[in-house]
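With mmCIF, C-alpha atoms inside, this is input_28.cif:
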```cif
data_structure
loop_
_atom_site.label_atom_id
_atom_site.label_comp_id
_atom_site.auth_asym_id
_atom_site.auth_seq_id
_atom_site.Cartn_x
_atom_site.Cartn_y
_atom_site.Cartn_z
CA MET A 1 -8.45 -12.85 -8.90
CA HIS A 2 -6.83 -11.70 -5.67
CA GLN A 3 -3.54 -13.50 -5.20
CA HIS A 4 -0.85 -13.38 -2.53
CA THR A 5 2.45 -13.01 -4.38
CA ILE A 6 5.38 -12.33 -2.10
CA GLU A 7 8.52 -13.11 -4.08
CA ASP A 8 9.47 -12.35 -7.68
CA GLY A 9 8.91 -15.90 -8.94
CA ALA A 10 5.33 -15.91 -7.70
CA VAL A 11 4.70 -12.46 -9.16
CA HIS A 12 6.04 -13.50 -12.56
CA PHE A 13 3.96 -16.70 -12.62
CA ALA A 14 0.78 -14.85 -11.60
CA LEU A 15 1.29 -12.21 -14.30
CA ASP A 16 1.79 -14.95 -16.91
CA CYS A 17 -1.56 -16.44 -15.89
CA MET A 18 -3.30 -13.06 -15.98
CA GLU A 19 -1.89 -12.24 -19.37
CA LYS A 20 -3.05 -15.56 -20.83
CA VAL A 21 -6.57 -15.25 -19.42
CA GLN A 22 -7.03 -11.64 -20.49
CA ILE A 23 -5.93 -12.41 -24.04
CA GLU A 24 -8.18 -15.47 -24.29
CA THR A 25 -11.23 -13.67 -22.88
CA ALA A 26 -10.50 -10.29 -24.53
CA ASN A 27 -11.25 -8.74 -21.12
CA MET A 28 -8.56 -6.16 -20.36
CA ASP A 29 -10.45 -4.67 -17.40
CA MET A 30 -10.38 -7.60 -14.99
CA ARG A 31 -8.56 -5.63 -12.28
CA ASN A 32 -6.83 -8.65 -10.84
CA ALA A 33 -4.92 -7.97 -7.62
CA LEU A 34 -1.48 -9.04 -6.43
CA ALA A 35 -0.97 -8.69 -2.69
CA HIS A 36 2.21 -8.14 -0.66
CA LEU A 37 4.68 -7.81 -3.57
CA GLN A 38 7.82 -7.97 -1.46
CA MET A 39 10.08 -8.76 -4.42
CA VAL A 40 9.18 -7.65 -7.95
CA SER A 41 11.49 -7.41 -10.96
CA LYS A 42 11.60 -4.17 -12.97
CA GLU A 43 10.15 -6.01 -15.96
CA ASP A 44 7.19 -7.26 -13.93
CA ILE A 45 6.48 -3.84 -12.42
CA GLU A 46 5.92 -2.67 -16.00
CA ARG A 47 3.88 -5.78 -16.88
CA LEU A 48 1.65 -5.39 -13.84
CA THR A 49 0.59 -1.92 -14.96
CA GLY A 50 0.15 -3.02 -18.57
CA LEU A 51 -2.22 -5.78 -17.43
CA ASN A 52 -4.24 -3.30 -15.34
CA ALA A 53 -3.48 -5.34 -12.22
CA ILE A 54 -3.71 -3.74 -8.78
CA ALA A 55 -0.63 -3.54 -6.56
CA VAL A 56 -2.02 -4.34 -3.11
CA VAL A 57 0.61 -3.30 -0.57
CA ALA A 58 0.85 -2.92 3.21
CA PRO A 59 2.87 0.14 4.30
CA LEU A 60 2.89 -1.16 7.88
CA TRP A 61 5.49 -3.73 6.78
CA MET A 62 7.82 -1.13 5.27
CA CYS A 63 9.80 -0.45 8.39
CA ARG A 64 13.48 -1.21 8.67
CA ASP A 65 14.31 -2.03 12.28
CA ASP A 66 17.40 -4.23 11.80
CA LEU A 67 15.84 -6.63 14.30
CA GLY A 68 12.72 -8.35 13.04
CA VAL A 69 11.49 -8.77 9.47
CA TYR A 70 14.32 -6.79 7.88
CA LYS A 71 17.06 -8.80 9.60
CA GLN A 72 15.29 -12.05 8.80
CA SER A 73 15.00 -11.08 5.12
CA VAL A 74 18.73 -10.29 4.95
CA GLN A 75 19.51 -13.77 6.25
CA PHE A 76 17.45 -15.36 3.45
CA ILE A 77 17.98 -13.13 0.42
CA GLY A 78 20.91 -10.83 1.28
CA ASP A 79 21.31 -7.11 1.95
CA LYS A 80 20.79 -5.78 -1.57
CA ARG A 81 17.61 -7.67 -2.41
CA THR A 82 16.17 -6.91 1.00
CA PHE A 83 16.90 -3.19 0.69
CA TYR A 84 15.09 -2.98 -2.66
CA SER A 85 12.07 -5.01 -1.56
CA TYR A 86 8.51 -3.74 -1.08
CA PRO A 87 8.40 -1.27 -4.00
CA MET A 88 5.70 1.42 -4.08
CA GLU A 89 6.94 4.50 -5.91
CA SER A 90 8.11 2.21 -8.74
CA PHE A 91 4.50 1.22 -9.39
CA ILE A 92 3.38 4.84 -9.39
CA ARG A 93 6.12 5.82 -11.84
CA GLN A 94 4.63 3.22 -14.20
CA LYS A 95 1.12 4.72 -13.69
CA GLY A 96 0.08 1.74 -11.61
CA ILE A 97 -2.77 1.59 -9.11
CA LEU A 98 -1.93 1.10 -5.44
CA ALA A 99 -4.40 -0.27 -2.91
CA PHE A 100 -3.33 -0.45 0.72
CA HIS A 101 -4.16 -3.40 2.93
CA SER A 102 -3.76 -3.95 6.66
CA ASP A 103 -2.59 -7.59 6.53
CA TYR A 104 -4.78 -8.33 9.54
CA PRO A 105 -4.42 -10.48 11.61
CA VAL A 106 -0.69 -10.81 10.83
CA SER A 107 -0.21 -7.07 11.34
CA THR A 108 -2.06 -6.39 14.58
CA ALA A 109 -1.11 -2.71 14.97
CA ILE A 110 -3.61 -1.52 12.37
CA SER A 111 -3.57 2.25 11.96
CA VAL A 112 -4.58 4.39 9.00
CA PRO A 113 -2.45 7.39 10.08
CA ARG A 114 0.57 5.17 10.74
CA SER A 115 0.11 3.55 7.32
CA ILE A 116 0.10 7.00 5.68
CA TYR A 117 3.25 7.97 7.57
CA MET A 118 5.11 4.76 6.73
CA ALA A 119 4.16 4.95 3.06
CA CYS A 120 5.63 8.46 2.91
CA LYS A 121 8.65 7.86 5.15
CA ARG A 122 9.33 4.09 4.94
CA SER A 123 10.09 4.21 8.63
CA ASP A 124 8.29 3.60 11.92
CA PRO A 125 7.38 6.85 13.73
CA HIS A 126 7.64 5.15 17.10
CA ARG A 127 11.14 3.68 16.84
CA GLU A 128 13.88 5.31 18.89
CA VAL A 129 16.39 4.81 16.05
CA TYR A 130 15.34 6.26 12.69
CA TYR A 131 15.91 3.90 9.76
CA GLN A 132 14.51 4.29 6.26
CA TRP A 133 13.83 1.25 4.12
CA ASN A 134 14.91 2.38 0.62
CA PRO A 135 13.74 6.03 0.65
CA ASP A 136 13.59 6.03 -3.18
CA GLU A 137 10.36 4.06 -2.78
CA CYS A 138 8.70 6.65 -0.53
CA ILE A 139 5.49 8.00 -2.04
CA SER A 140 3.75 11.35 -1.74
CA ARG A 141 1.03 12.05 0.80
CA TYR A 142 -1.48 12.43 -2.02
CA ASN A 143 -0.60 9.02 -3.46
CA ALA A 144 -0.70 7.49 0.03
CA LEU A 145 -4.18 8.88 0.58
CA GLN A 146 -5.23 7.50 -2.81
CA GLY A 147 -3.84 4.11 -1.80
CA MET A 148 -6.06 4.15 1.26
CA THR A 149 -9.23 5.31 -0.54
CA GLN A 150 -9.51 5.48 -4.32
CA GLY A 151 -7.20 2.53 -5.03
CA PRO A 152 -9.25 -0.05 -3.09
CA ALA A 153 -12.48 1.31 -4.59
CA TYR A 154 -11.04 1.02 -8.11
CA SER A 155 -9.83 -2.53 -7.43
CA VAL A 156 -13.42 -3.72 -6.87
CA LYS A 157 -14.92 -1.55 -9.65
CA GLN A 158 -16.65 0.76 -7.18
CA GLU A 159 -14.79 3.96 -8.05
CA ALA A 160 -18.08 5.59 -9.13
CA HIS A 161 -19.55 5.04 -5.65
CA LEU A 162 -16.75 4.77 -3.08
CA GLY A 163 -13.34 6.17 -2.21
CA SER A 164 -13.87 9.87 -3.00
CA LEU A 165 -15.74 12.83 -1.55
CA PHE A 166 -18.28 13.70 -4.24
CA ILE A 167 -22.00 14.34 -4.20
CA GLY A 168 -23.82 11.07 -4.78
CA PHE A 169 -21.03 8.85 -3.43
CA VAL A 170 -21.59 6.56 -0.45
CA ALA A 171 -20.70 8.53 2.69
CA ASN A 172 -18.57 5.95 4.51
CA LEU A 173 -15.65 7.74 6.11
CA ALA A 174 -13.57 8.38 9.19
CA VAL A 175 -12.72 11.91 10.32
CA PHE A 176 -9.35 12.51 11.97
CA ASP A 177 -8.04 15.42 14.02
CA LYS A 178 -5.12 16.02 11.63
CA ASP A 179 -4.93 16.90 7.94
CA PHE A 180 -3.08 14.04 6.25
CA LEU A 181 -2.03 16.23 3.33
CA TYR A 182 -0.76 19.34 5.13
CA ASP A 183 -0.11 18.81 8.85
CA ASP A 184 3.29 17.72 10.13
CA LEU A 185 3.76 14.03 9.32
CA GLU A 186 4.99 13.28 12.84
CA GLU A 187 1.66 14.58 14.15
CA VAL A 188 -0.29 12.77 11.42
CA ALA A 189 1.19 9.45 12.56
CA ASP A 190 -0.50 9.85 15.95
CA SER A 191 -3.74 11.46 14.82
CA LYS A 192 -6.97 10.30 16.41
CA ILE A 193 -10.40 9.52 14.98
CA ILE A 194 -12.95 12.13 16.01
CA ALA A 195 -15.93 10.75 14.07
CA THR A 196 -17.02 7.78 11.98
CA ILE A 197 -19.77 8.04 9.36
CA ILE A 198 -21.51 5.05 7.76
CA ASP A 199 -24.00 5.56 4.93
CA GLY A 200 -24.21 9.23 5.83
CA GLU A 201 -25.00 8.61 9.51
CA VAL A 202 -22.61 9.56 12.30
CA VAL A 203 -22.13 6.36 14.32
CA PHE A 204 -19.22 7.50 16.48
CA GLU A 205 -18.05 10.79 17.92
CA ALA A 206 -15.04 11.23 20.19
CA LYS A 207 -15.81 12.66 23.61
#
```

Spit out the file's structure as structure tokens when you get a sec.
Amino acid sequence: MHQHTIEDGAVHFALDCMEKVQIETANMDMRNALAHLQMVSKEDIERLTGLNAIAVVAPLWMCRDDLGVYKQSVQFIGDKRTFYSYPMESFIRQKGILAFHSDYPVSTAISVPRSIYMACKRSDPHREVYYQWNPDECISRYNALQGMTQGPAYSVKQEAHLGSLFIGFVANLAVFDKDFLYDDLEEVADSKIIATIIDGEVVFEAK
């Protein structure tokens, strides 16, 4: 199952359903996915990992601007709950699996480099005023790269074929002009694609 669970009540209900089904079927490797996960209780963060569910998150939403989504959330659920929303590092601390999503077409500014940056910084690289949305939930570059590659492959049971650079894996990848792990993150955020490879064939090269 791939379910959209935004608030903590929906997350709790979905996990109850998953738990019941997995016990009844004796299948503990279903790899069900919960998407968005704006509000999640500490108890359910632990349950999600224990049920081998995938935390499908969109780093592009994790930008505090005090104008749009953040301000709107404060009006509905208050400052404290808003500040602690959209956990990521909390899932990793529980050995959970992250899989990034773009949330297209709701999020129209789709960008892999910007997603990496915002997962690591919890801020928008292109805002004039620098705000961080709960920096305790920032994740490492390595975990962000996993969320963009290995996590999605694992979620659809294709980790033996996709999501990693190994001999024998499907060669579907994009090549950027910056190193996501080691170059300055400010430069990573604006990195450009220089080549796209599908099934081992170069289908695009930057001029």

Please write as a short mmCIF file (atom, residue, chain, number, x, y, z; two decimals) with C-alpha atoms, in the coordinates of the input the full residue list that the PyMOL selection byres ((chain A and resi 4) around 6) yields on this file.
```cif
data_model
loop_
_atom_site.label_atom_id
_atom_site.label_comp_id
_atom_site.auth_asym_id
_atom_site.auth_seq_id
_atom_site.Cartn_x
_atom_site.Cartn_y
_atom_site.Cartn_z
CA GLN A 3 -3.54 -13.50 -5.20
CA THR A 5 2.45 -13.01 -4.38
CA LEU A 34 -1.48 -9.04 -6.43
CA ALA A 35 -0.97 -8.69 -2.69
#
```

Item to complete: For atom CA of A:Leu48 and atom CA of A:Met88, quote the distance in Å rounded to one decimal.
Response: 12.6 Å

Please produce, as JSON lines, a per-residue contact table for stretch 35-81 of chain A versus stretch 145-165 of chain A (criterion: any atom at most 12 Å away, all atoms listed in the file considered), showing the nearest atom pair and its distance in Å to one decimal, sorted by chain then residue number.
```
{"residue": "A:Ala35", "atom": "CA", "partner": "A:Ser155", "partner_atom": "CA", "distance": 11.8}
{"residue": "A:Asn52", "atom": "CA", "partner": "A:Ser155", "partner_atom": "CA", "distance": 9.7}
{"residue": "A:Ala53", "atom": "CA", "partner": "A:Ser155", "partner_atom": "CA", "distance": 8.4}
{"residue": "A:Ile54", "atom": "CA", "partner": "A:Ser155", "partner_atom": "CA", "distance": 6.4}
{"residue": "A:Ala55", "atom": "CA", "partner": "A:Gly151", "partner_atom": "CA", "distance": 9.1}
{"residue": "A:Val56", "atom": "CA", "partner": "A:Pro152", "partner_atom": "CA", "distance": 8.4}
{"residue": "A:Val57", "atom": "CA", "partner": "A:Gly147", "partner_atom": "CA", "distance": 8.7}
{"residue": "A:Ala58", "atom": "CA", "partner": "A:Gly147", "partner_atom": "CA", "distance": 9.8}
{"residue": "A:Pro59", "atom": "CA", "partner": "A:Gly147", "partner_atom": "CA", "distance": 9.9}
```

Worksheet entry | Output check: residues returned by the PyMOL selection byres ((chain A and resi 193) around 7), as a list of chain:residue names |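 This file, filtered by the PyMOL selection byres ((chain A and resi 193) around 7), leaves A:Ala174, A:Val175, A:Phe176, A:Asp177, A:Ser191, A:Lys192, A:Ile194, A:Ala195.
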
Discussion item. To one decimal place in Å, what is the distance between atom CA of A:Gly9 and atom CA of A:Pro135?
Written reply: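 Interatomic distance here is 24.4 Å.
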
Reference answer for the PyMOL selection byres ((chain A and resi 120-132) around 10), as a JSON list (two decimals) with C-alpha atoms, in the frame of the given file:
```
[["chain", "number", "residue", "atom", "x", "y", "z"],
["A", 59, "PRO", "CA", 2.87, 0.14, 4.30],
["A", 60, "LEU", "CA", 2.89, -1.16, 7.88],
["A", 61, "TRP", "CA", 5.49, -3.73, 6.78],
["A", 62, "MET", "CA", 7.82, -1.13, 5.27],
["A", 63, "CYS", "CA", 9.80, -0.45, 8.39],
["A", 64, "ARG", "CA", 13.48, -1.21, 8.67],
["A", 65, "ASP", "CA", 14.31, -2.03, 12.28],
["A", 66, "ASP", "CA", 17.40, -4.23, 11.80],
["A", 83, "PHE", "CA", 16.90, -3.19, 0.69],
["A", 86, "TYR", "CA", 8.51, -3.74, -1.08],
["A", 88, "MET", "CA", 5.70, 1.42, -4.08],
["A", 89, "GLU", "CA", 6.94, 4.50, -5.91],
["A", 114, "ARG", "CA", 0.57, 5.17, 10.74],
["A", 115, "SER", "CA", 0.11, 3.55, 7.32],
["A", 116, "ILE", "CA", 0.10, 7.00, 5.68],
["A", 117, "TYR", "CA", 3.25, 7.97, 7.57],
["A", 118, "MET", "CA", 5.11, 4.76, 6.73],
["A", 119, "ALA", "CA", 4.16, 4.95, 3.06],
["A", 133, "TRP", "CA", 13.83, 1.25, 4.12],
["A", 134, "ASN", "CA", 14.91, 2.38, 0.62],
["A", 135, "PRO", "CA", 13.74, 6.03, 0.65],
["A", 136, "ASP", "CA", 13.59, 6.03, -3.18],
["A", 137, "GLU", "CA", 10.36, 4.06, -2.78],
["A", 138, "CYS", "CA", 8.70, 6.65, -0.53],
["A", 139, "ILE", "CA", 5.49, 8.00, -2.04],
["A", 140, "SER", "CA", 3.75, 11.35, -1.74],
["A", 141, "ARG", "CA", 1.03, 12.05, 0.80],
["A", 142, "TYR", "CA", -1.48, 12.43, -2.02],
["A", 143, "ASN", "CA", -0.60, 9.02, -3.46],
["A", 144, "ALA", "CA", -0.70, 7.49, 0.03],
["A", 185, "LEU", "CA", 3.76, 14.03, 9.32],
["A", 186, "GLU", "CA", 4.99, 13.28, 12.84],
["A", 187, "GLU", "CA", 1.66, 14.58, 14.15],
["A", 188, "VAL", "CA", -0.29, 12.77, 11.42],
["A", 189, "ALA", "CA", 1.19, 9.45, 12.56],
["A", 190, "ASP", "CA", -0.50, 9.85, 15.95]]
```

Worksheet entry | Computed interatomic separation between atom CA of A:Asp79 and atom CA of A:Ile6 (Å) |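 Calculated distance between atom CA of A:Asp79 and atom CA of A:Ile6 is 17.2 Å.
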